[in-house]
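**Student:** As input, take structure.pdb (PDB, C-alpha atoms, pLDDT in the B column):
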MODEL        1
ATOM      1  CA  MET C   1     -42.397  -8.900  19.088  1.00 90.00           C
ATOM      2  CA  GLN C   2     -43.993 -11.788  17.228  1.00 96.00           C
ATOM      3  CA  ASN C   3     -43.207 -13.608  14.004  1.00 97.00           C
ATOM      4  CA  ILE C   4     -46.153 -13.306  11.612  1.00 97.00           C
ATOM      5  CA  LYS C   5     -46.658 -15.526   8.568  1.00 98.00           C
ATOM      6  CA  LEU C   6     -48.845 -14.289   5.714  1.00 98.00           C
ATOM      7  CA  THR C   7     -50.125 -16.271   2.741  1.00 98.00           C
ATOM      8  CA  LEU C   8     -50.687 -14.074  -0.309  1.00 97.00           C
ATOM      9  CA  GLU C   9     -52.087 -14.153  -3.788  1.00 98.00           C
ATOM     10  CA  TYR C  10     -51.402 -11.569  -6.463  1.00 98.00           C
ATOM     11  CA  ASP C  11     -51.691 -10.719 -10.119  1.00 97.00           C
ATOM     12  CA  GLY C  12     -48.144  -9.817 -11.089  1.00 95.00           C
ATOM     13  CA  THR C  13     -49.053  -8.097 -14.365  1.00 95.00           C
ATOM     14  CA  CYS C  14     -48.415  -4.531 -13.190  1.00 94.00           C
ATOM     15  CA  TYR C  15     -45.384  -5.243 -11.005  1.00 93.00           C
ATOM     16  CA  HIS C  16     -41.658  -5.529 -11.579  1.00 92.00           C
ATOM     17  CA  GLY C  17     -41.455  -8.776  -9.658  1.00 91.00           C
ATOM     18  CA  PHE C  18     -41.816  -9.515  -5.970  1.00 94.00           C
ATOM     19  CA  GLN C  19     -38.528  -8.294  -4.542  1.00 90.00           C
ATOM     20  CA  ARG C  20     -38.049  -4.667  -3.579  1.00 85.00           C
ATOM     21  CA  GLN C  21     -35.666  -2.874  -5.970  1.00 80.00           C
ATOM     22  CA  PRO C  22     -34.251   0.283  -4.349  1.00 73.00           C
ATOM     23  CA  ASP C  23     -32.672   1.569  -7.560  1.00 69.00           C
ATOM     24  CA  PHE C  24     -35.753   0.987  -9.701  1.00 69.00           C
ATOM     25  CA  HIS C  25     -38.780   3.239  -9.776  1.00 69.00           C
ATOM     26  CA  GLY C  26     -41.393   0.661 -10.774  1.00 80.00           C
ATOM     27  CA  PRO C  27     -43.692  -0.979  -8.210  1.00 91.00           C
ATOM     28  CA  THR C  28     -42.894  -4.368  -6.675  1.00 94.00           C
ATOM     29  CA  ILE C  29     -45.113  -6.671  -4.631  1.00 95.00           C
ATOM     30  CA  GLN C  30     -42.740  -6.459  -1.662  1.00 95.00           C
ATOM     31  CA  GLY C  31     -42.551  -2.681  -1.773  1.00 93.00           C
ATOM     32  CA  VAL C  32     -46.324  -2.252  -1.877  1.00 95.00           C
ATOM     33  CA  LEU C  33     -46.966  -4.937   0.753  1.00 97.00           C
ATOM     34  CA  GLU C  34     -44.429  -3.554   3.217  1.00 96.00           C
ATOM     35  CA  SER C  35     -45.723  -0.004   2.889  1.00 94.00           C
ATOM     36  CA  LYS C  36     -49.314  -1.127   3.572  1.00 96.00           C
ATOM     37  CA  LEU C  37     -48.264  -3.357   6.492  1.00 96.00           C
ATOM     38  CA  GLU C  38     -46.432  -0.382   8.011  1.00 96.00           C
ATOM     39  CA  LEU C  39     -49.559   1.715   7.598  1.00 94.00           C
ATOM     40  CA  ILE C  40     -51.672  -0.855   9.444  1.00 95.00           C
ATOM     41  CA  THR C  41     -49.184  -1.944  12.145  1.00 94.00           C
ATOM     42  CA  LYS C  42     -47.638   1.529  12.702  1.00 94.00           C
ATOM     43  CA  THR C  43     -44.135  -0.017  12.696  1.00 92.00           C
ATOM     44  CA  GLU C  44     -41.374  -0.603  10.152  1.00 93.00           C
ATOM     45  CA  VAL C  45     -41.829  -3.878   8.280  1.00 94.00           C
ATOM     46  CA  ARG C  46     -39.409  -5.961   6.215  1.00 95.00           C
ATOM     47  CA  VAL C  47     -40.738  -9.264   4.937  1.00 96.00           C
ATOM     48  CA  ALA C  48     -38.889 -12.454   4.075  1.00 96.00           C
ATOM     49  CA  MET C  49     -40.383 -14.283   1.115  1.00 96.00           C
ATOM     50  CA  ALA C  50     -40.689 -17.931   0.125  1.00 96.00           C
ATOM     51  CA  GLY C  51     -39.566 -17.157  -3.423  1.00 93.00           C
ATOM     52  CA  ARG C  52     -38.783 -14.190  -5.642  1.00 90.00           C
ATOM     53  CA  THR C  53     -41.237 -14.147  -8.518  1.00 94.00           C
ATOM     54  CA  ASP C  54     -40.200 -12.218 -11.633  1.00 92.00           C
ATOM     55  CA  ALA C  55     -41.986  -9.355 -13.348  1.00 91.00           C
ATOM     56  CA  GLY C  56     -45.373 -10.481 -14.661  1.00 95.00           C
ATOM     57  CA  VAL C  57     -45.424 -13.742 -12.662  1.00 97.00           C
ATOM     58  CA  HIS C  58     -48.426 -14.454 -10.436  1.00 98.00           C
ATOM     59  CA  ALA C  59     -49.002 -16.243  -7.129  1.00 98.00           C
ATOM     60  CA  ARG C  60     -51.814 -18.114  -5.405  1.00 97.00           C
ATOM     61  CA  GLY C  61     -49.732 -19.240  -2.441  1.00 97.00           C
ATOM     62  CA  GLN C  62     -46.777 -16.924  -1.857  1.00 98.00           C
ATOM     63  CA  VAL C  63     -45.671 -16.918   1.796  1.00 98.00           C
ATOM     64  CA  VAL C  64     -43.909 -14.157   3.708  1.00 98.00           C
ATOM     65  CA  ASN C  65     -43.008 -13.582   7.343  1.00 97.00           C
ATOM     66  CA  PHE C  66     -42.086 -10.523   9.367  1.00 97.00           C
ATOM     67  CA  PHE C  67     -41.601  -9.512  12.999  1.00 96.00           C
ATOM     68  CA  SER C  68     -43.962  -6.984  14.525  1.00 95.00           C
ATOM     69  CA  PRO C  69     -45.248  -5.922  17.960  1.00 94.00           C
ATOM     70  CA  THR C  70     -48.738  -5.355  16.532  1.00 93.00           C
ATOM     71  CA  LYS C  71     -51.690  -6.269  18.754  1.00 93.00           C
ATOM     72  CA  ILE C  72     -54.084  -6.769  15.843  1.00 94.00           C
ATOM     73  CA  PRO C  73     -55.631 -10.274  16.121  1.00 95.00           C
ATOM     74  CA  MET C  74     -54.491 -12.614  13.368  1.00 96.00           C
ATOM     75  CA  ASP C  75     -58.046 -13.305  12.256  1.00 95.00           C
ATOM     76  CA  LYS C  76     -58.524  -9.563  11.707  1.00 96.00           C
ATOM     77  CA  LEU C  77     -55.159  -8.750  10.129  1.00 97.00           C
ATOM     78  CA  PRO C  78     -55.938  -9.957   6.550  1.00 97.00           C
ATOM     79  CA  LYS C  79     -59.074  -7.807   6.351  1.00 97.00           C
ATOM     80  CA  ALA C  80     -57.218  -4.801   7.741  1.00 96.00           C
ATOM     81  CA  VAL C  81     -54.318  -5.091   5.293  1.00 97.00           C
ATOM     82  CA  ASN C  82     -56.566  -5.897   2.327  1.00 97.00           C
ATOM     83  CA  SER C  83     -58.532  -2.710   2.995  1.00 96.00           C
ATOM     84  CA  VAL C  84     -55.475  -0.660   1.970  1.00 97.00           C
ATOM     85  CA  LEU C  85     -53.827  -2.985  -0.556  1.00 97.00           C
ATOM     86  CA  PRO C  86     -54.441  -2.521  -4.289  1.00 96.00           C
ATOM     87  CA  TYR C  87     -57.003  -4.821  -5.907  1.00 96.00           C
ATOM     88  CA  ASP C  88     -54.347  -7.125  -7.388  1.00 96.00           C
ATOM     89  CA  ILE C  89     -52.705  -8.162  -4.081  1.00 98.00           C
ATOM     90  CA  ARG C  90     -54.563 -10.016  -1.340  1.00 98.00           C
ATOM     91  CA  VAL C  91     -53.607 -11.475   2.044  1.00 98.00           C
ATOM     92  CA  LYS C  92     -55.403 -14.818   2.370  1.00 97.00           C
ATOM     93  CA  GLN C  93     -54.268 -15.840   5.856  1.00 97.00           C
ATOM     94  CA  ALA C  94     -52.247 -14.577   8.820  1.00 97.00           C
ATOM     95  CA  GLU C  95     -50.841 -16.596  11.702  1.00 97.00           C
ATOM     96  CA  ILE C  96     -48.234 -16.359  14.437  1.00 97.00           C
ATOM     97  CA  VAL C  97     -45.355 -18.787  13.942  1.00 97.00           C
ATOM     98  CA  PRO C  98     -42.247 -19.697  15.974  1.00 97.00           C
ATOM     99  CA  ASP C  99     -39.412 -17.175  15.963  1.00 96.00           C
ATOM    100  CA  ASP C 100     -37.176 -19.498  13.961  1.00 96.00           C
ATOM    101  CA  PHE C 101     -39.682 -19.778  11.101  1.00 97.00           C
ATOM    102  CA  HIS C 102     -38.397 -18.290   7.826  1.00 98.00           C
ATOM    103  CA  ALA C 103     -40.603 -18.167   4.735  1.00 97.00           C
ATOM    104  CA  ARG C 104     -37.762 -19.280   2.462  1.00 95.00           C
ATOM    105  CA  PHE C 105     -35.428 -21.396   4.567  1.00 96.00           C
ATOM    106  CA  SER C 106     -38.168 -23.290   6.422  1.00 97.00           C
ATOM    107  CA  ALA C 107     -39.862 -24.385   3.183  1.00 97.00           C
ATOM    108  CA  GLN C 108     -39.604 -28.095   2.367  1.00 97.00           C
ATOM    109  CA  TRP C 109     -40.874 -27.866  -1.195  1.00 97.00           C
ATOM    110  CA  LYS C 110     -42.734 -25.549  -3.562  1.00 97.00           C
ATOM    111  CA  ARG C 111     -45.208 -25.959  -6.384  1.00 98.00           C
ATOM    112  CA  TYR C 112     -45.361 -23.832  -9.524  1.00 98.00           C
ATOM    113  CA  ILE C 113     -47.953 -24.199 -12.263  1.00 98.00           C
ATOM    114  CA  TYR C 114     -47.365 -22.988 -15.799  1.00 98.00           C
ATOM    115  CA  THR C 115     -50.454 -22.587 -18.000  1.00 98.00           C
ATOM    116  CA  ILE C 116     -50.531 -22.730 -21.802  1.00 98.00           C
ATOM    117  CA  TYR C 117     -53.576 -21.820 -23.877  1.00 97.00           C
ATOM    118  CA  ASN C 118     -53.366 -24.060 -26.932  1.00 96.00           C
ATOM    119  CA  ASN C 119     -55.943 -22.679 -29.335  1.00 95.00           C
ATOM    120  CA  GLN C 120     -56.057 -20.469 -32.420  1.00 93.00           C
ATOM    121  CA  PHE C 121     -57.276 -17.511 -30.389  1.00 91.00           C
ATOM    122  CA  VAL C 122     -56.682 -16.637 -26.754  1.00 91.00           C
ATOM    123  CA  SER C 123     -59.570 -15.424 -24.615  1.00 89.00           C
ATOM    124  CA  VAL C 124     -59.438 -11.771 -23.599  1.00 90.00           C
ATOM    125  CA  PHE C 125     -60.351 -12.911 -20.081  1.00 91.00           C
ATOM    126  CA  ASN C 126     -57.289 -15.085 -19.481  1.00 91.00           C
ATOM    127  CA  ARG C 127     -54.685 -13.579 -21.812  1.00 93.00           C
ATOM    128  CA  LEU C 128     -52.720 -12.130 -18.859  1.00 95.00           C
ATOM    129  CA  PHE C 129     -52.417 -15.529 -17.169  1.00 96.00           C
ATOM    130  CA  VAL C 130     -51.453 -17.922 -19.972  1.00 97.00           C
ATOM    131  CA  PHE C 131     -48.865 -18.491 -22.683  1.00 97.00           C
ATOM    132  CA  HIS C 132     -50.829 -18.478 -25.942  1.00 97.00           C
ATOM    133  CA  VAL C 133     -49.580 -21.174 -28.340  1.00 97.00           C
ATOM    134  CA  PRO C 134     -51.797 -21.382 -31.458  1.00 96.00           C
ATOM    135  CA  GLN C 135     -49.937 -24.345 -33.018  1.00 95.00           C
ATOM    136  CA  ALA C 136     -51.334 -27.749 -32.018  1.00 95.00           C
ATOM    137  CA  LEU C 137     -49.131 -29.409 -29.385  1.00 97.00           C
ATOM    138  CA  ASN C 138     -48.342 -33.104 -28.995  1.00 97.00           C
ATOM    139  CA  VAL C 139     -49.341 -33.493 -25.346  1.00 97.00           C
ATOM    140  CA  PRO C 140     -48.326 -37.190 -24.971  1.00 97.00           C
ATOM    141  CA  ALA C 141     -44.815 -36.266 -26.137  1.00 97.00           C
ATOM    142  CA  MET C 142     -44.749 -33.397 -23.638  1.00 98.00           C
ATOM    143  CA  ARG C 143     -45.761 -35.792 -20.860  1.00 98.00           C
ATOM    144  CA  ALA C 144     -42.978 -38.214 -21.772  1.00 97.00           C
ATOM    145  CA  ALA C 145     -40.411 -35.401 -21.776  1.00 97.00           C
ATOM    146  CA  ALA C 146     -41.692 -34.059 -18.451  1.00 97.00           C
ATOM    147  CA  GLN C 147     -41.364 -37.473 -16.826  1.00 97.00           C
ATOM    148  CA  ALA C 148     -37.742 -37.670 -18.006  1.00 96.00           C
ATOM    149  CA  MET C 149     -36.943 -34.545 -15.983  1.00 96.00           C
ATOM    150  CA  VAL C 150     -38.149 -35.922 -12.642  1.00 97.00           C
ATOM    151  CA  GLY C 151     -35.493 -36.743 -10.062  1.00 95.00           C
ATOM    152  CA  THR C 152     -32.539 -35.295  -8.188  1.00 97.00           C
ATOM    153  CA  ARG C 153     -30.412 -33.844 -10.952  1.00 94.00           C
ATOM    154  CA  ASP C 154     -28.035 -31.046 -11.878  1.00 94.00           C
ATOM    155  CA  PHE C 155     -30.358 -28.592 -13.640  1.00 94.00           C
ATOM    156  CA  THR C 156     -27.666 -26.216 -14.906  1.00 94.00           C
ATOM    157  CA  ALA C 157     -29.150 -26.485 -18.411  1.00 92.00           C
ATOM    158  CA  PHE C 158     -32.474 -25.213 -17.082  1.00 94.00           C
ATOM    159  CA  CYS C 159     -31.093 -22.151 -15.313  1.00 90.00           C
ATOM    160  CA  ALA C 160     -30.918 -18.699 -16.892  1.00 86.00           C
ATOM    161  CA  ALA C 161     -27.555 -16.968 -17.157  1.00 79.00           C
ATOM    162  CA  GLY C 162     -26.601 -14.655 -14.340  1.00 71.00           C
ATOM    163  CA  SER C 163     -27.738 -16.839 -11.449  1.00 71.00           C
ATOM    164  CA  PRO C 164     -25.458 -16.400  -8.402  1.00 77.00           C
ATOM    165  CA  VAL C 165     -26.014 -19.942  -7.068  1.00 79.00           C
ATOM    166  CA  LYS C 166     -23.126 -22.407  -6.995  1.00 83.00           C
ATOM    167  CA  ASN C 167     -25.119 -25.619  -6.521  1.00 89.00           C
ATOM    168  CA  PHE C 168     -27.468 -26.434  -9.408  1.00 87.00           C
ATOM    169  CA  VAL C 169     -28.719 -29.764  -8.028  1.00 94.00           C
ATOM    170  CA  ARG C 170     -32.437 -29.825  -7.268  1.00 95.00           C
ATOM    171  CA  ASN C 171     -34.930 -32.583  -6.505  1.00 97.00           C
ATOM    172  CA  LEU C 172     -37.729 -32.181  -9.043  1.00 97.00           C
ATOM    173  CA  MET C 173     -40.320 -34.396  -7.373  1.00 97.00           C
ATOM    174  CA  THR C 174     -43.144 -33.745  -9.835  1.00 97.00           C
ATOM    175  CA  CYS C 175     -43.253 -32.611 -13.442  1.00 97.00           C
ATOM    176  CA  GLU C 176     -46.676 -33.348 -14.892  1.00 97.00           C
ATOM    177  CA  VAL C 177     -48.515 -32.159 -17.987  1.00 98.00           C
ATOM    178  CA  ARG C 178     -52.301 -31.995 -17.688  1.00 97.00           C
ATOM    179  CA  GLN C 179     -54.824 -30.918 -20.301  1.00 97.00           C
ATOM    180  CA  ALA C 180     -58.353 -29.593 -19.905  1.00 96.00           C
ATOM    181  CA  GLY C 181     -59.689 -28.435 -23.239  1.00 94.00           C
ATOM    182  CA  PRO C 182     -57.364 -25.804 -24.713  1.00 95.00           C
ATOM    183  CA  GLU C 183     -55.569 -25.290 -21.377  1.00 96.00           C
ATOM    184  CA  ILE C 184     -52.389 -27.258 -20.781  1.00 97.00           C
ATOM    185  CA  SER C 185     -50.916 -27.066 -17.283  1.00 98.00           C
ATOM    186  CA  ILE C 186     -47.343 -27.959 -16.343  1.00 98.00           C
ATOM    187  CA  ILE C 187     -47.105 -28.749 -12.621  1.00 98.00           C
ATOM    188  CA  CYS C 188     -43.622 -28.636 -11.092  1.00 98.00           C
ATOM    189  CA  GLU C 189     -42.855 -29.495  -7.461  1.00 98.00           C
ATOM    190  CA  ALA C 190     -39.298 -29.364  -6.117  1.00 97.00           C
ATOM    191  CA  ASP C 191     -37.256 -28.715  -3.000  1.00 95.00           C
ATOM    192  CA  GLY C 192     -36.042 -25.565  -4.720  1.00 92.00           C
ATOM    193  CA  PHE C 193     -35.958 -23.895  -8.114  1.00 95.00           C
ATOM    194  CA  LEU C 194     -33.204 -22.178 -10.085  1.00 94.00           C
ATOM    195  CA  TYR C 195     -33.561 -18.809 -11.804  1.00 91.00           C
ATOM    196  CA  ASN C 196     -36.213 -19.181 -14.561  1.00 94.00           C
ATOM    197  CA  MET C 197     -36.119 -22.971 -14.128  1.00 95.00           C
ATOM    198  CA  VAL C 198     -39.874 -23.544 -14.489  1.00 97.00           C
ATOM    199  CA  ARG C 199     -40.123 -21.160 -17.436  1.00 97.00           C
ATOM    200  CA  ILE C 200     -37.264 -22.952 -19.219  1.00 97.00           C
ATOM    201  CA  ILE C 201     -38.783 -26.360 -18.450  1.00 97.00           C
ATOM    202  CA  SER C 202     -42.119 -25.116 -19.794  1.00 97.00           C
ATOM    203  CA  GLY C 203     -40.574 -23.582 -22.903  1.00 97.00           C
ATOM    204  CA  THR C 204     -38.667 -26.797 -23.558  1.00 97.00           C
ATOM    205  CA  LEU C 205     -41.876 -28.834 -23.210  1.00 97.00           C
ATOM    206  CA  VAL C 206     -43.617 -26.487 -25.653  1.00 97.00           C
ATOM    207  CA  ASP C 207     -40.806 -27.117 -28.142  1.00 97.00           C
ATOM    208  CA  VAL C 208     -41.280 -30.853 -27.547  1.00 97.00           C
ATOM    209  CA  GLY C 209     -44.977 -30.394 -28.245  1.00 97.00           C
ATOM    210  CA  LYS C 210     -44.149 -28.627 -31.495  1.00 96.00           C
ATOM    211  CA  GLY C 211     -41.813 -31.458 -32.564  1.00 95.00           C
ATOM    212  CA  ARG C 212     -38.656 -29.349 -32.341  1.00 96.00           C
ATOM    213  CA  ILE C 213     -37.211 -31.452 -29.503  1.00 94.00           C
ATOM    214  CA  LYS C 214     -37.589 -35.201 -29.014  1.00 95.00           C
ATOM    215  CA  PRO C 215     -38.531 -36.497 -25.536  1.00 96.00           C
ATOM    216  CA  ALA C 216     -35.548 -38.859 -25.730  1.00 95.00           C
ATOM    217  CA  ALA C 217     -33.221 -35.831 -25.875  1.00 94.00           C
ATOM    218  CA  ILE C 218     -34.087 -34.648 -22.353  1.00 95.00           C
ATOM    219  CA  PRO C 219     -31.569 -36.843 -20.450  1.00 94.00           C
ATOM    220  CA  GLN C 220     -28.787 -35.691 -22.778  1.00 93.00           C
ATOM    221  CA  MET C 221     -29.762 -32.053 -22.192  1.00 92.00           C
ATOM    222  CA  ILE C 222     -29.553 -32.507 -18.447  1.00 93.00           C
ATOM    223  CA  GLU C 223     -26.249 -34.359 -18.720  1.00 93.00           C
ATOM    224  CA  ALA C 224     -24.719 -31.703 -20.994  1.00 89.00           C
ATOM    225  CA  GLY C 225     -25.655 -28.860 -18.658  1.00 88.00           C
ATOM    226  CA  ASP C 226     -25.820 -26.401 -21.553  1.00 88.00           C
ATOM    227  CA  ARG C 227     -28.661 -23.864 -21.592  1.00 91.00           C
ATOM    228  CA  LYS C 228     -28.372 -23.561 -25.385  1.00 90.00           C
ATOM    229  CA  THR C 229     -29.542 -27.156 -25.869  1.00 90.00           C
ATOM    230  CA  CYS C 230     -32.902 -26.497 -24.174  1.00 92.00           C
ATOM    231  CA  GLY C 231     -35.992 -24.787 -25.487  1.00 92.00           C
ATOM    232  CA  ILE C 232     -37.210 -21.230 -25.129  1.00 93.00           C
ATOM    233  CA  THR C 233     -37.778 -19.437 -21.843  1.00 95.00           C
ATOM    234  CA  ALA C 234     -41.570 -19.330 -21.707  1.00 96.00           C
ATOM    235  CA  PRO C 235     -43.041 -15.850 -21.035  1.00 96.00           C
ATOM    236  CA  PRO C 236     -43.763 -14.845 -17.421  1.00 96.00           C
ATOM    237  CA  GLN C 237     -47.536 -14.433 -17.512  1.00 97.00           C
ATOM    238  CA  GLY C 238     -48.189 -18.180 -17.703  1.00 97.00           C
ATOM    239  CA  LEU C 239     -46.358 -18.865 -14.429  1.00 98.00           C
ATOM    240  CA  CYS C 240     -48.007 -18.988 -11.011  1.00 98.00           C
ATOM    241  CA  MET C 241     -46.437 -19.758  -7.625  1.00 98.00           C
ATOM    242  CA  ASP C 242     -49.113 -22.129  -6.367  1.00 97.00           C
ATOM    243  CA  TYR C 243     -48.100 -23.547  -2.988  1.00 97.00           C
ATOM    244  CA  VAL C 244     -45.281 -23.702  -0.438  1.00 97.00           C
ATOM    245  CA  HIS C 245     -45.076 -26.679   1.922  1.00 97.00           C
ATOM    246  CA  TYR C 246     -43.585 -26.370   5.411  1.00 97.00           C
TER     247      TYR C 246
ENDMDL
END
Would you write the structure of this file as structure tokens?
**Tutor:**
Amino acid sequence: MQNIKLTLEYDGTCYHGFQRQPDFHGPTIQGVLESKLELITKTEVRVAMAGRTDAGVHARGQVVNFFSPTKIPMDKLPKAVNSVLPYDIRVKQAEIVPDDFHARFSAQWKRYIYTIYNNQFVSVFNRLFVFHVPQALNVPAMRAAAQAMVGTRDFTAFCAAGSPVKNFVRNLMTCEVRQAGPEISIICEADGFLYNMVRIISGTLVDVGKGRIKPAAIPQMIEAGDRKTCGITAPPQGLCMDYVHY
């Protein structure tokens, strides 16, 4: 039995999130991946994931691990699994890791990127991967607000209701706003993220860009710990799980 680490990318448009949902009949990334891994390895597979992405959210660098007695060489495993996976899920890399490696608990930090398309019209070719905002955004103000979020803080205000966690303190190491033409990217790196945290940060920065929230209000929002003081929860399709560092 060996511990196998996979790095994945996927288009989450047609899936009801990553995590398997036994009581729900829609497809999930985990459900599809496990069924195809079982087909290839001829054994039961249950994967642990670096992070649970929501319905419609994408990934370039999701990481999972699972235990299997398979004899398939690791350099051949991605091609074998990709041959039976649907077109919108791909295994990029496979490697054997120590038995104590866990995709979630061994992670030191993660990076998410949220993409906004700030133009009158959104391209038909990227509409499933961006949040279309036709109103002109004040990017310097967004950058100032993003910088005010960086640090080890209690991010209760940036967590959606219903989260089961008891500790809302996270170290947001990076929160940058970059612009390339009509595309505005929000890069967030942290030791962990709360439920919908990046989408709420992104929605709040969009409201800053629209002039609805002042950058100077961000510290007070964090201090108050009240979700109602923050901006919108940005839609899922703009969010991508980019990288997990171990």
**Student:** So which residues touch C:Ala234 within 10 Å, counting only C-alpha atoms, skipping near sequence neighbours fewer than 4 positions away, as a list in words?
**Tutor:**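 Once the adjacent positions are removed, what remains is Tyr114, Ile116, Phe131, Asn196, Val198, Arg199, Ile200, Ile201, Ser202, Gly203, Thr204, Leu205, Val206, Gly238 and Leu239 of chain C.
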**Student:** Please give the centre and size of the box around stretch 162-166 of chain C (axis-aligned, containing every atom listed in the file, 8 Å added per side), with values in Å to one decimal and written as AutoDock Vina command-line options.
**Tutor:**
--center_x -25.4 --center_y -18.5 --center_z -10.7 --size_x 20.6 --size_y 23.8 --size_z 23.3
**Student:** Report as number ranges by chain all protein, DNA and RNA residues lying within 12 Å of C:Asn82, evaluated on all atoms listed in the file, omitting residues in the same chain fewer than 2 positions from it.
**Tutor:** C: 6, 8-10, 32-33, 36-37, 39-40, 76-80, 84-94
**Student:** In terms of the shortest atom-to-atom distance over only C-alpha atoms, which of C:Phe66, C:Leu172, C:Met142, C:Val133 is closest to C:Phe101?
**Tutor:** C:Phe66
**Student:** How many Å lie between atom CA of C:Arg178 and atom CA of C:Ala148, rounded to one decimal?
**Tutor:**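 Spanning atom CA of C:Arg178 to atom CA of C:Ala148 is a straight-line distance of 15.6 Å.
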**Student:** Rounded to one decimal, what separation in Å do you get between atom CA of C:Phe155 and atom CA of C:Phe168?
**Tutor:**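 Distance between the two atoms: 5.6 Å.
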**Student:** Using all atoms listed in the file, which residue out of C:Ala190, C:Leu137, C:Ala55, C:Ala146 lies closest to C:Pro219?
**Tutor:**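 Closest residue, counting all atoms listed in the file: C:Ala146.
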**Student:** Starting from the point (-45.9, -14.2, -9.3), work out which residues of protein, DNA or RNA have an atom no more than 12 Å away when counting all atoms listed in the file; state them as an NGL selection string.
**Tutor:** :C and (8-19 or 28-30 or 49-63 or 88-89 or 112-114 or 128-129 or 236-243)
**Student:** Select, from C:Glu38, C:Asp99, C:Asp207, C:Asp191, the residue with the minimum atom-to-atom distance to C:Ala145, counting all atoms listed in the file.
**Tutor:** C:Asp207
